[in-house]
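Here's structure-v6.txt, which has compact mmCIF, C-alpha atoms and all ligand atoms:
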```txt
# COMPACT_ATOMS: atom_id res chain seq x y z
CA MET I 1 94.23 177.44 24.86
CA THR I 2 95.57 177.39 21.30
CA VAL I 3 97.01 180.28 19.29
CA LEU I 4 97.56 180.93 15.60
CA ARG I 5 101.21 180.74 14.54
CA SER I 6 102.92 181.26 11.19
CA VAL I 7 104.70 178.01 10.40
CA VAL I 8 107.32 177.78 7.64
CA ARG I 9 106.24 175.31 4.96
CA GLY I 10 108.90 175.88 2.31
CA THR I 11 111.92 177.89 1.21
CA GLY I 12 113.40 178.83 -2.15
CA SER I 13 116.08 181.05 -3.58
CA TYR I 14 117.54 182.30 -6.81
CA LEU I 15 120.91 183.77 -7.73
CA PRO I 16 121.71 185.34 -11.10
CA GLN I 17 124.08 183.29 -13.21
CA ARG I 18 126.93 185.80 -13.46
CA ILE I 19 129.51 185.61 -10.67
CA VAL I 20 131.88 188.54 -10.11
CA SER I 21 135.04 187.71 -8.18
CA ASN I 22 137.13 190.06 -6.06
CA GLU I 23 139.87 189.81 -8.69
CA GLU I 24 137.48 191.09 -11.34
CA LEU I 25 136.62 194.09 -9.14
CA ALA I 26 140.31 194.75 -8.55
CA ARG I 27 140.56 195.41 -12.30
CA LEU I 28 137.78 198.02 -11.97
CA VAL I 29 138.73 199.95 -8.82
CA GLU I 30 141.79 200.34 -6.56
CA THR I 31 141.20 197.30 -4.33
CA SER I 32 142.46 193.75 -3.81
CA ASP I 33 141.13 190.30 -3.08
CA GLU I 34 143.14 190.41 0.14
CA TRP I 35 141.52 193.67 1.38
CA ILE I 36 137.97 192.56 0.55
CA THR I 37 138.40 189.08 2.05
CA GLN I 38 140.07 190.29 5.23
CA ARG I 39 137.72 193.20 5.92
CA THR I 40 134.43 191.57 4.87
CA GLY I 41 134.79 187.83 4.25
CA ILE I 42 133.39 188.32 0.72
CA ARG I 43 135.05 186.36 -2.12
CA GLU I 44 132.44 186.76 -4.86
CA ARG I 45 128.91 187.97 -5.55
CA HIS I 46 126.21 187.40 -8.21
CA VAL I 47 125.14 190.15 -10.57
CA ALA I 48 121.84 190.23 -12.48
CA ALA I 49 121.95 190.09 -16.27
CA GLU I 50 120.85 193.04 -18.36
CA GLY I 51 117.08 193.05 -18.39
CA GLU I 52 116.84 190.75 -15.37
CA ARG I 53 114.68 192.54 -12.81
CA THR I 54 114.12 192.28 -9.10
CA SER I 55 110.66 190.81 -9.82
CA ASP I 56 112.26 188.09 -12.00
CA LEU I 57 114.60 187.09 -9.17
CA GLY I 58 111.76 187.20 -6.65
CA THR I 59 109.43 185.13 -8.83
CA GLN I 60 112.07 182.44 -9.35
CA ALA I 61 112.68 182.22 -5.59
CA ALA I 62 108.92 182.16 -4.91
CA ARG I 63 108.34 179.34 -7.42
CA LYS I 64 111.03 177.25 -5.73
CA ALA I 65 109.61 177.95 -2.26
CA LEU I 66 106.13 176.89 -3.45
CA ALA I 67 107.55 173.71 -5.01
CA ASN I 68 109.47 172.99 -1.79
CA ALA I 69 106.23 173.44 0.19
CA GLY I 70 104.30 171.27 -2.29
CA MET I 71 101.81 174.09 -2.78
CA SER I 72 100.36 175.84 -5.82
CA ALA I 73 100.53 179.63 -6.19
CA GLY I 74 96.73 179.77 -6.26
CA THR I 75 96.55 179.03 -2.53
CA ILE I 76 98.62 182.10 -1.52
CA ASP I 77 96.62 185.04 -0.17
CA LEU I 78 99.46 187.39 0.80
CA ILE I 79 102.72 188.30 -0.95
CA ILE I 80 105.18 190.70 0.63
CA VAL I 81 108.33 191.60 -1.28
CA ALA I 82 111.03 193.21 0.84
CA THR I 83 113.18 195.26 -1.49
CA ALA I 84 115.07 198.52 -1.73
CA THR I 85 115.61 198.01 -5.47
CA PRO I 86 112.10 197.73 -6.95
CA ASP I 87 111.57 197.30 -10.70
CA GLN I 88 109.88 200.70 -10.84
CA THR I 89 108.91 203.45 -8.40
CA PHE I 90 105.43 201.97 -8.68
CA PRO I 91 103.58 199.65 -8.97
CA ALA I 92 105.01 197.48 -6.23
CA THR I 93 107.37 194.74 -7.36
CA ALA I 94 105.10 192.38 -5.40
CA VAL I 95 102.22 192.80 -7.86
CA THR I 96 104.55 191.88 -10.73
CA VAL I 97 105.59 188.77 -8.81
CA GLN I 98 101.90 188.05 -8.16
CA GLU I 99 101.14 188.38 -11.87
CA GLN I 100 104.17 186.26 -12.89
CA LEU I 101 102.93 183.54 -10.52
CA GLY I 102 99.56 183.68 -12.30
CA LEU I 103 97.80 184.77 -9.13
CA HIS I 104 94.89 187.23 -9.31
CA SER I 105 93.56 187.09 -5.78
CA GLY I 106 94.78 188.05 -2.32
CA VAL I 107 97.01 191.02 -1.59
CA ALA I 108 100.57 191.86 -2.66
CA PHE I 109 102.72 194.78 -1.57
CA ASP I 110 106.34 195.83 -1.10
CA LEU I 111 108.05 196.59 2.16
CA GLN I 112 111.04 198.91 2.37
CA ALA I 113 113.39 198.50 5.32
CA VAL I 114 116.58 198.02 3.26
CA CYS I 115 118.77 195.22 4.71
CA SER I 116 116.28 194.60 7.54
CA GLY I 117 113.50 194.16 4.99
CA PHE I 118 113.10 190.40 5.28
CA VAL I 119 112.77 190.44 9.08
CA PHE I 120 110.29 193.33 8.84
CA ALA I 121 108.33 191.51 6.10
CA LEU I 122 108.25 188.26 8.06
CA ALA I 123 106.98 190.11 11.15
CA THR I 124 104.32 191.86 9.03
CA ALA I 125 103.15 188.65 7.36
CA ASP I 126 103.10 186.96 10.77
CA SER I 127 100.79 189.73 12.06
CA PHE I 128 98.45 189.24 9.10
CA ILE I 129 98.35 185.50 9.80
CA ARG I 130 97.91 185.75 13.56
CA THR I 131 95.04 188.24 13.14
CA GLY I 132 93.31 186.02 10.58
CA GLN I 133 93.82 188.40 7.65
CA ALA I 134 95.84 185.83 5.69
CA ARG I 135 96.28 182.06 5.80
CA ARG I 136 99.21 181.41 3.48
CA ALA I 137 101.88 183.99 2.70
CA LEU I 138 104.90 184.27 0.48
CA VAL I 139 107.57 186.41 2.15
CA ILE I 140 110.22 187.35 -0.37
CA GLY I 141 113.47 189.30 -0.15
CA ALA I 142 114.67 190.31 -3.62
CA GLU I 143 117.34 192.80 -4.63
CA THR I 144 119.37 194.04 -7.58
CA PHE I 145 121.80 196.29 -5.70
CA SER I 146 124.17 196.15 -8.69
CA ARG I 147 121.82 198.71 -10.29
CA ILE I 148 122.30 201.34 -7.55
CA LEU I 149 126.03 200.89 -6.93
CA ASP I 150 128.56 203.49 -7.92
CA TRP I 151 131.00 201.17 -9.67
CA GLN I 152 133.76 203.70 -9.20
CA ASP I 153 133.39 203.84 -5.41
CA ARG I 154 135.59 201.09 -3.96
CA THR I 155 134.17 201.62 -0.45
CA THR I 156 130.75 200.31 -1.53
CA CYS I 157 130.87 198.52 -4.90
CA VAL I 158 132.83 195.55 -3.51
CA LEU I 159 130.26 194.84 -0.79
CA PHE I 160 126.93 194.10 -2.45
CA GLY I 161 125.37 191.47 -4.69
CA ASP I 162 122.04 190.49 -6.31
CA GLY I 163 119.70 187.65 -5.42
CA ALA I 164 116.37 186.60 -3.96
CA GLY I 165 115.01 184.25 -1.33
CA ALA I 166 111.49 183.31 -0.31
CA VAL I 167 109.62 181.44 2.39
CA VAL I 168 106.05 180.17 2.47
CA ILE I 169 104.41 180.56 5.86
CA GLU I 170 101.01 179.20 6.83
CA ALA I 171 98.56 179.64 9.72
CA SER I 172 98.63 176.76 12.15
CA GLN I 173 96.94 176.22 15.55
CA GLN I 174 99.65 175.72 18.19
CA GLU I 175 99.77 175.42 21.98
CA GLY I 176 100.95 178.98 22.66
CA GLY I 177 104.33 178.15 24.22
CA ALA I 178 108.01 178.21 23.33
CA SER I 179 107.85 174.64 22.01
CA ASP I 180 105.40 175.72 19.26
CA ARG I 181 106.43 175.68 15.62
CA GLY I 182 106.39 178.96 13.70
CA VAL I 183 107.36 182.57 14.30
CA LEU I 184 107.64 182.77 18.11
CA SER I 185 108.64 186.42 18.36
CA SER I 186 109.91 189.37 16.37
CA HIS I 187 111.46 192.58 17.58
CA LEU I 188 111.75 195.53 15.17
CA ARG I 189 113.38 198.95 15.58
CA SER I 190 114.28 202.01 13.53
CA ASP I 191 115.93 205.36 14.20
CA GLY I 192 115.94 208.02 11.47
CA ARG I 193 118.72 210.02 13.12
CA PHE I 194 121.08 207.67 11.26
CA ARG I 195 119.44 207.99 7.84
CA ASP I 196 122.48 209.72 6.33
CA LYS I 197 124.90 206.91 7.30
CA LEU I 198 123.61 204.55 4.61
CA TYR I 199 121.33 205.89 1.88
CA VAL I 200 120.75 206.33 -1.84
CA ASP I 201 121.45 209.84 -3.15
CA GLY I 202 118.41 209.97 -5.42
CA GLY I 203 114.68 209.32 -5.51
CA PRO I 204 111.41 210.42 -7.14
CA SER I 205 110.64 213.34 -4.81
CA SER I 206 114.19 214.60 -4.27
CA THR I 207 116.31 214.40 -7.42
CA GLY I 208 113.96 212.65 -9.81
CA THR I 209 116.73 210.13 -10.46
CA VAL I 210 117.42 206.64 -9.12
CA GLY I 211 120.68 207.60 -7.43
CA HIS I 212 123.58 205.61 -6.01
CA LEU I 213 124.20 203.92 -2.70
CA ARG I 214 126.34 205.92 -0.24
CA MET I 215 127.61 204.61 3.07
CA GLU I 216 129.79 205.67 5.96
CA GLY I 217 130.89 202.09 6.40
CA ARG I 218 132.91 202.62 9.56
CA GLU I 219 129.95 204.31 11.32
CA VAL I 220 127.57 201.51 10.33
CA PHE I 221 130.10 198.89 11.36
CA ARG I 222 130.70 200.55 14.74
CA ARG I 223 127.02 200.36 15.70
CA ALA I 224 126.00 197.09 14.05
CA VAL I 225 126.81 194.54 16.76
CA GLY I 226 125.27 196.62 19.57
CA LEU I 227 122.03 197.24 17.67
CA VAL I 228 121.47 193.68 16.53
CA SER I 229 122.35 192.39 20.01
CA ASP I 230 119.51 194.47 21.46
CA VAL I 231 116.90 192.98 19.14
CA ILE I 232 118.27 189.46 19.59
CA ASP I 233 117.87 189.92 23.35
CA GLY I 234 114.39 191.36 22.81
CA ALA I 235 113.28 188.53 20.54
CA LEU I 236 114.63 185.89 22.95
CA GLU I 237 112.92 187.51 25.93
CA ASP I 238 109.58 187.82 24.10
CA ALA I 239 109.75 184.12 23.23
CA GLY I 240 110.75 183.12 26.79
CA LEU I 241 114.01 181.62 25.51
CA THR I 242 117.74 182.09 26.06
CA ALA I 243 120.68 182.15 23.62
CA GLY I 244 121.55 178.59 24.66
CA ASP I 245 118.23 177.35 23.22
CA ILE I 246 119.07 178.50 19.67
CA ASP I 247 120.04 175.78 17.15
CA TRP I 248 120.85 178.05 14.18
CA PHE I 249 121.90 181.66 13.90
CA VAL I 250 120.96 183.01 10.45
CA PRO I 251 122.09 186.64 10.38
CA HIS I 252 121.93 189.26 7.67
CA GLN I 253 125.10 188.79 5.61
CA ALA I 254 126.85 192.17 5.45
CA ASN I 255 130.26 191.48 6.89
CA ARG I 256 131.79 188.32 8.34
CA ARG I 257 133.38 190.33 11.15
CA ILE I 258 129.97 191.64 12.31
CA ILE I 259 128.50 188.13 12.19
CA ASP I 260 131.42 186.58 14.09
CA ALA I 261 131.39 189.27 16.79
CA THR I 262 127.64 188.88 17.30
CA ALA I 263 127.82 185.08 17.44
CA ARG I 264 130.68 185.28 19.95
CA LYS I 265 128.69 187.63 22.15
CA PHE I 266 125.82 185.13 22.39
CA GLY I 267 128.07 182.07 22.69
CA TRP I 268 127.06 180.53 19.34
CA PRO I 269 129.90 178.46 17.85
CA ASP I 270 130.78 178.62 14.14
CA ASP I 271 128.95 175.39 13.39
CA LYS I 272 125.64 176.97 14.48
CA VAL I 273 126.07 180.01 12.23
CA VAL I 274 124.88 180.00 8.61
CA ILE I 275 127.30 181.94 6.40
CA THR I 276 126.76 182.90 2.77
CA VAL I 277 128.47 186.31 2.68
CA ASP I 278 131.61 184.74 1.19
CA ARG I 279 129.71 183.68 -1.96
CA HIS I 280 126.82 186.16 -2.11
CA GLY I 281 128.19 189.40 -0.67
CA ASN I 282 125.56 191.62 0.93
CA THR I 283 122.26 191.01 -0.87
CA SER I 284 120.33 193.30 1.49
CA ALA I 285 116.76 192.00 2.10
CA ALA I 286 117.55 188.80 0.18
CA SER I 287 120.43 187.66 2.36
CA ILE I 288 118.48 185.95 5.16
CA PRO I 289 116.03 183.97 2.97
CA LEU I 290 118.96 182.97 0.71
CA ALA I 291 120.84 181.66 3.76
CA LEU I 292 117.73 179.95 5.14
CA ASP I 293 117.11 178.15 1.87
CA GLU I 294 120.71 176.96 1.66
CA ALA I 295 120.69 175.63 5.23
CA CYS I 296 117.30 173.92 4.78
CA ARG I 297 118.25 172.30 1.50
CA ASP I 298 121.57 170.95 2.75
CA GLY I 299 119.83 169.45 5.79
CA ARG I 300 121.22 171.68 8.52
CA ILE I 301 117.92 173.33 9.55
CA ARG I 302 115.31 170.65 10.29
CA PRO I 303 111.72 170.73 11.54
CA GLY I 304 111.71 171.55 15.26
CA ASP I 305 114.97 173.51 15.17
CA LEU I 306 115.02 176.94 16.77
CA VAL I 307 116.35 179.61 14.40
CA MET I 308 117.42 183.18 15.27
CA LEU I 309 117.23 185.74 12.45
CA GLU I 310 118.61 189.26 12.67
CA ALA I 311 119.42 192.17 10.39
CA MET I 312 120.43 195.79 10.46
CA GLY I 313 120.57 198.35 7.68
CA GLY I 314 119.76 201.75 6.22
CA GLY I 315 117.50 203.98 8.27
CA PHE I 316 118.82 202.70 10.57
CA THR I 317 116.42 199.79 10.76
CA TRP I 318 117.12 196.64 12.70
CA GLY I 319 115.21 193.58 13.80
CA GLY I 320 115.37 190.05 15.13
CA ALA I 321 112.99 187.10 15.03
CA VAL I 322 112.87 183.65 16.59
CA VAL I 323 111.32 180.92 14.45
CA ARG I 324 110.85 177.25 15.31
CA TRP I 325 111.09 175.37 12.03
O1 LIG B 401 123.90 195.78 5.22
C1 LIG B 401 123.78 197.02 5.85
C2 LIG B 401 124.80 197.16 6.87
N1 LIG B 401 126.07 197.43 6.27
C3 LIG B 401 127.14 197.04 6.89
O2 LIG B 401 127.00 196.36 7.88
C4 LIG B 401 128.50 197.47 6.42
C5 LIG B 401 129.25 197.92 7.63
N2 LIG B 401 130.60 198.34 7.36
C6 LIG B 401 131.57 197.48 7.01
O3 LIG B 401 131.34 196.32 6.79
C7 LIG B 401 132.99 198.00 7.00
O4 LIG B 401 133.03 199.27 7.63
C8 LIG B 401 133.61 198.10 5.60
C9 LIG B 401 133.84 196.72 5.04
C10 LIG B 401 132.68 198.88 4.69
C11 LIG B 401 134.95 198.82 5.68
O5 LIG B 401 135.82 198.16 6.58
P1 LIG B 401 136.59 198.97 7.71
O6 LIG B 401 137.47 198.02 8.39
O7 LIG B 401 135.57 199.71 8.52
O8 LIG B 401 137.48 199.93 6.83
P2 LIG B 401 137.49 201.53 6.80
O9 LIG B 401 136.19 202.03 6.22
O10 LIG B 401 137.89 202.00 8.14
O11 LIG B 401 138.63 201.78 5.76
C12 LIG B 401 139.99 201.44 6.00
C13 LIG B 401 140.83 201.83 4.83
C14 LIG B 401 140.57 203.25 4.37
O12 LIG B 401 141.80 203.81 4.01
P3 LIG B 401 142.52 204.84 5.02
O13 LIG B 401 141.54 205.98 5.19
O14 LIG B 401 142.73 204.08 6.29
O15 LIG B 401 143.76 205.20 4.26
C15 LIG B 401 139.73 203.08 3.12
O16 LIG B 401 139.89 204.12 2.20
O17 LIG B 401 140.53 200.99 3.71
C16 LIG B 401 140.26 201.79 2.56
N3 LIG B 401 139.32 201.11 1.71
C17 LIG B 401 139.68 200.19 0.80
N4 LIG B 401 140.87 199.71 0.43
C18 LIG B 401 140.89 198.77 -0.53
C19 LIG B 401 137.96 201.21 1.70
N5 LIG B 401 137.45 200.38 0.78
C20 LIG B 401 138.48 199.75 0.21
C21 LIG B 401 138.58 198.77 -0.79
N6 LIG B 401 139.80 198.31 -1.12
N7 LIG B 401 137.50 198.26 -1.41
```

Mind turning this structure into structure tokens?
Ligand code: UT7
Amino acid sequence: MTVLRSVVRGTGSYLPQRIVSNEELARLVETSDEWITQRTGIRERHVAAEGERTSDLGTQAARKALANAGMSAGTIDLIIVATATPDQTFPATAVTVQEQLGLHSGVAFDLQAVCSGFVFALATADSFIRTGQARRALVIGAETFSRILDWQDRTTCVLFGDGAGAVVIEASQQEGGASDRGVLSSHLRSDGRFRDKLYVDGGPSSTGTVGHLRMEGREVFRRAVGLVSDVIDGALEDAGLTAGDIDWFVPHQANRRIIDATARKFGWPDDKVVITVDRHGNTSAASIPLALDEACRDGRIRPGDLVMLEAMGGGFTWGGAVVRW
């Protein structure tokens, strides 16, 4: 018996030109390079230029993913943009990306699960593909968190950055086992009891303003490893695999300490963990596809490799996915 799987055909990413170092932030708020590096592992982050929108970042990443896959935009029938920083309240940033790619067919929509957005979007696109509703999808994570930061709040403004990453996935008939290529499993969760731990204090139906990001960092930190461990376990079990089978751990890049503690728990050594948080900061839904693209382009992730993705963020939302490249 064969099954339909979503196989990754290409990756791409885009980072705005401007780099902001910890030293530069230390001139803005009461902080230091030492504090930021020790507590988070972040050294610098990219910040979008004036007028540069989430859709621009997403389109650039999508174009590179299509080029990497050797495919033209015209063959894409599904675009999902995971973002918490859309260009506008509506229409969806995804339809702007669709238009910028010159595509006038198929379906494009946004998905909002904050930092877990890429994992949620990948799982959604995978469902469309496995049920025959799409054949070729662009799954994009794109964010301009610099726009919603309170640049006077040192507890948050040092943590986030802007960027975008994209993958092209395509329907492929596979055997139906753990040795298949493609998305082998995904495990998603959310729990709104924690919605006030990490949120934006504005929105169309509450304040009528865009608002700023607010976070009880310590509370989020305290729960992060436990939550992502649960979905990693769930995704492994669903795929009939164990932690020892994983070749690459590509986590959401929020804090180096969370990543290290999670990797230690599952027995993954440093050289199996893809890290970008030092250079990108936390780019929310963009962090995983940015890290995937880097590790594919530099030759670490190769066809056949088993990759574990995980993320956790506002909501709370959290999710894990196992993908054989
Ligand atoms: O992507 C979505 C998920 N988000 C996350 O995973 C973020 C999770 N949280 C974290 O990564 C960490 O909690 C932080 C990096 C945000 C903070 O690290 P922490 O070790 O939990 O520090 P803390 O919040 O317990 O703060 C320790 C001290 C405080 O001072 P007092 O109260 O001990 O006097 C803070 O006021 O550090 C102070 N502090 C700072 N000092 C210098 C907070 N931010 C800064 C700063 N520079 N930027």

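The interatomic distance for the pair atom CA of Gly244 of chain I and atom CA of Asp271 of chain I works out to 13.9 Å.
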
Output the neighbourhood of ligand LIG 401 (chain B) as a PDB file with C-alpha atoms, keeping the file's coordinate frame, that is, all protein and nucleic acid residues with some atom at most 7 Å from the ligand, counting only C-alpha atoms and all ligand atoms.
```
ATOM      1  CA  GLU I  30     141.790 200.340  -6.560  1.00  0.00           C
ATOM      2  CA  THR I  31     141.200 197.300  -4.330  1.00  0.00           C
ATOM      3  CA  SER I  32     142.460 193.750  -3.810  1.00  0.00           C
ATOM      4  CA  TRP I  35     141.520 193.670   1.380  1.00  0.00           C
ATOM      5  CA  ILE I  36     137.970 192.560   0.550  1.00  0.00           C
ATOM      6  CA  ARG I  39     137.720 193.200   5.920  1.00  0.00           C
ATOM      7  CA  THR I  40     134.430 191.570   4.870  1.00  0.00           C
ATOM      8  CA  CYS I 115     118.770 195.220   4.710  1.00  0.00           C
ATOM      9  CA  ARG I 154     135.590 201.090  -3.960  1.00  0.00           C
ATOM     10  CA  THR I 155     134.170 201.620  -0.450  1.00  0.00           C
ATOM     11  CA  THR I 156     130.750 200.310  -1.530  1.00  0.00           C
ATOM     12  CA  VAL I 158     132.830 195.550  -3.510  1.00  0.00           C
ATOM     13  CA  GLY I 217     130.890 202.090   6.400  1.00  0.00           C
ATOM     14  CA  ARG I 218     132.910 202.620   9.560  1.00  0.00           C
ATOM     15  CA  GLU I 219     129.950 204.310  11.320  1.00  0.00           C
ATOM     16  CA  VAL I 220     127.570 201.510  10.330  1.00  0.00           C
ATOM     17  CA  PHE I 221     130.100 198.890  11.360  1.00  0.00           C
ATOM     18  CA  ALA I 224     126.000 197.090  14.050  1.00  0.00           C
ATOM     19  CA  ALA I 254     126.850 192.170   5.450  1.00  0.00           C
ATOM     20  CA  ASN I 255     130.260 191.480   6.890  1.00  0.00           C
ATOM     21  CA  ASN I 282     125.560 191.620   0.930  1.00  0.00           C
ATOM     22  CA  SER I 284     120.330 193.300   1.490  1.00  0.00           C
ATOM     23  CA  MET I 312     120.430 195.790  10.460  1.00  0.00           C
ATOM     24  CA  GLY I 313     120.570 198.350   7.680  1.00  0.00           C
ATOM     25  CA  GLY I 314     119.760 201.750   6.220  1.00  0.00           C
TER      26      GLY I 314
END
```

Atomic separation - atom CA of Gly319 of chain I relative to atom CA of Phe118 of chain I, Å: 9.3 Å

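Relative to atom CA of Ile288 of chain I, atom CA of Glu44 of chain I is found at 17.2 Å.
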
Write out, as CSV, each residue of segment 211-256 of chain I that has an atom at most 12 Å from segment 79-87 of chain I, together with the closest pair of atoms and their distance in Å to one decimal, counting only C-alpha atoms, rows going by chain and rising number.
```
residue,atom,partner,partner_atom,distance
I:Gly211,CA,I:Thr85,CA,11.0
I:His212,CA,I:Thr85,CA,11.0
I:Leu213,CA,I:Ala84,CA,10.7
```

Which residue of I:Ala321, I:Ile129, I:Ala164, I:Ala263 approaches Ala291 of chain I most closely, using only C-alpha atoms: I:Ala164

Distance criterion (all atoms listed in the file): nearest to Pro303 of chain I out of I:Leu15, I:Val8, I:Leu122, I:Leu25: I:Val8

Residues near Ala94 of chain I, cut-off 12 Å, all atoms listed in the file, skip fewer than 5 positions along chain, as an MDAnalysis selection string: chainID I and resid 54:59 62 78:83 85:88 99:101 103 106:112 121 138:142

Just-selected residues, C-alpha atoms written as a PDB file, keeping the file's coordinate frame:
```
ATOM      1  CA  THR I  54     114.120 192.280  -9.100  1.00  0.00           C
ATOM      2  CA  SER I  55     110.660 190.810  -9.820  1.00  0.00           C
ATOM      3  CA  ASP I  56     112.260 188.090 -12.000  1.00  0.00           C
ATOM      4  CA  LEU I  57     114.600 187.090  -9.170  1.00  0.00           C
ATOM      5  CA  GLY I  58     111.760 187.200  -6.650  1.00  0.00           C
ATOM      6  CA  THR I  59     109.430 185.130  -8.830  1.00  0.00           C
ATOM      7  CA  ALA I  62     108.920 182.160  -4.910  1.00  0.00           C
ATOM      8  CA  LEU I  78      99.460 187.390   0.800  1.00  0.00           C
ATOM      9  CA  ILE I  79     102.720 188.300  -0.950  1.00  0.00           C
ATOM     10  CA  ILE I  80     105.180 190.700   0.630  1.00  0.00           C
ATOM     11  CA  VAL I  81     108.330 191.600  -1.280  1.00  0.00           C
ATOM     12  CA  ALA I  82     111.030 193.210   0.840  1.00  0.00           C
ATOM     13  CA  THR I  83     113.180 195.260  -1.490  1.00  0.00           C
ATOM     14  CA  THR I  85     115.610 198.010  -5.470  1.00  0.00           C
ATOM     15  CA  PRO I  86     112.100 197.730  -6.950  1.00  0.00           C
ATOM     16  CA  ASP I  87     111.570 197.300 -10.700  1.00  0.00           C
ATOM     17  CA  GLN I  88     109.880 200.700 -10.840  1.00  0.00           C
ATOM     18  CA  GLU I  99     101.140 188.380 -11.870  1.00  0.00           C
ATOM     19  CA  GLN I 100     104.170 186.260 -12.890  1.00  0.00           C
ATOM     20  CA  LEU I 101     102.930 183.540 -10.520  1.00  0.00           C
ATOM     21  CA  LEU I 103      97.800 184.770  -9.130  1.00  0.00           C
ATOM     22  CA  GLY I 106      94.780 188.050  -2.320  1.00  0.00           C
ATOM     23  CA  VAL I 107      97.010 191.020  -1.590  1.00  0.00           C
ATOM     24  CA  ALA I 108     100.570 191.860  -2.660  1.00  0.00           C
ATOM     25  CA  PHE I 109     102.720 194.780  -1.570  1.00  0.00           C
ATOM     26  CA  ASP I 110     106.340 195.830  -1.100  1.00  0.00           C
ATOM     27  CA  LEU I 111     108.050 196.590   2.160  1.00  0.00           C
ATOM     28  CA  GLN I 112     111.040 198.910   2.370  1.00  0.00           C
ATOM     29  CA  ALA I 121     108.330 191.510   6.100  1.00  0.00           C
ATOM     30  CA  LEU I 138     104.900 184.270   0.480  1.00  0.00           C
ATOM     31  CA  VAL I 139     107.570 186.410   2.150  1.00  0.00           C
ATOM     32  CA  ILE I 140     110.220 187.350  -0.370  1.00  0.00           C
ATOM     33  CA  GLY I 141     113.470 189.300  -0.150  1.00  0.00           C
ATOM     34  CA  ALA I 142     114.670 190.310  -3.620  1.00  0.00           C
TER      35      ALA I 142
END
```

For segment 120-131 of chain I, supply N, CA, C and O atoms and format the output as a PDB file, keeping the file's coordinate frame.
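After the write, result03.pdb holds the following:
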```pdb
ATOM      1  N   PHE I 120     111.489 192.494   8.736  1.00  0.00           N
ATOM      2  CA  PHE I 120     110.290 193.330   8.840  1.00  0.00           C
ATOM      3  C   PHE I 120     109.115 192.685   8.086  1.00  0.00           C
ATOM      4  O   PHE I 120     107.975 192.713   8.549  1.00  0.00           O
ATOM      5  N   ALA I 121     109.392 192.125   6.913  1.00  0.00           N
ATOM      6  CA  ALA I 121     108.330 191.510   6.100  1.00  0.00           C
ATOM      7  C   ALA I 121     107.785 190.251   6.777  1.00  0.00           C
ATOM      8  O   ALA I 121     106.571 190.000   6.766  1.00  0.00           O
ATOM      9  N   LEU I 122     108.681 189.475   7.361  1.00  0.00           N
ATOM     10  CA  LEU I 122     108.250 188.260   8.060  1.00  0.00           C
ATOM     11  C   LEU I 122     107.353 188.640   9.251  1.00  0.00           C
ATOM     12  O   LEU I 122     106.302 188.026   9.472  1.00  0.00           O
ATOM     13  N   ALA I 123     107.772 189.662   9.995  1.00  0.00           N
ATOM     14  CA  ALA I 123     106.980 190.110  11.150  1.00  0.00           C
ATOM     15  C   ALA I 123     105.613 190.620  10.689  1.00  0.00           C
ATOM     16  O   ALA I 123     104.592 190.371  11.342  1.00  0.00           O
ATOM     17  N   THR I 124     105.577 191.326   9.555  1.00  0.00           N
ATOM     18  CA  THR I 124     104.320 191.860   9.030  1.00  0.00           C
ATOM     19  C   THR I 124     103.394 190.730   8.579  1.00  0.00           C
ATOM     20  O   THR I 124     102.207 190.695   8.924  1.00  0.00           O
ATOM     21  N   ALA I 125     103.951 189.787   7.820  1.00  0.00           N
ATOM     22  CA  ALA I 125     103.150 188.650   7.360  1.00  0.00           C
ATOM     23  C   ALA I 125     102.642 187.839   8.555  1.00  0.00           C
ATOM     24  O   ALA I 125     101.486 187.384   8.565  1.00  0.00           O
ATOM     25  N   ASP I 126     103.491 187.697   9.558  1.00  0.00           N
ATOM     26  CA  ASP I 126     103.100 186.960  10.770  1.00  0.00           C
ATOM     27  C   ASP I 126     101.905 187.659  11.448  1.00  0.00           C
ATOM     28  O   ASP I 126     100.978 186.984  11.920  1.00  0.00           O
ATOM     29  N   SER I 127     101.922 188.997  11.471  1.00  0.00           N
ATOM     30  CA  SER I 127     100.790 189.730  12.060  1.00  0.00           C
ATOM     31  C   SER I 127      99.510 189.498  11.267  1.00  0.00           C
ATOM     32  O   SER I 127      98.447 189.317  11.851  1.00  0.00           O
ATOM     33  N   PHE I 128      99.623 189.519   9.941  1.00  0.00           N
ATOM     34  CA  PHE I 128      98.450 189.240   9.100  1.00  0.00           C
ATOM     35  C   PHE I 128      97.896 187.840   9.419  1.00  0.00           C
ATOM     36  O   PHE I 128      96.694 187.649   9.500  1.00  0.00           O
ATOM     37  N   ILE I 129      98.799 186.885   9.566  1.00  0.00           N
ATOM     38  CA  ILE I 129      98.350 185.500   9.800  1.00  0.00           C
ATOM     39  C   ILE I 129      97.756 185.350  11.199  1.00  0.00           C
ATOM     40  O   ILE I 129      96.683 184.768  11.366  1.00  0.00           O
ATOM     41  N   ARG I 130      98.413 185.922  12.189  1.00  0.00           N
ATOM     42  CA  ARG I 130      97.910 185.750  13.560  1.00  0.00           C
ATOM     43  C   ARG I 130      96.586 186.475  13.793  1.00  0.00           C
ATOM     44  O   ARG I 130      95.829 186.101  14.671  1.00  0.00           O
ATOM     45  N   THR I 131      96.313 187.524  12.994  1.00  0.00           N
ATOM     46  CA  THR I 131      95.040 188.240  13.140  1.00  0.00           C
ATOM     47  C   THR I 131      93.985 187.725  12.161  1.00  0.00           C
ATOM     48  O   THR I 131      92.914 188.319  12.027  1.00  0.00           O
TER      49      THR I 131
END
```
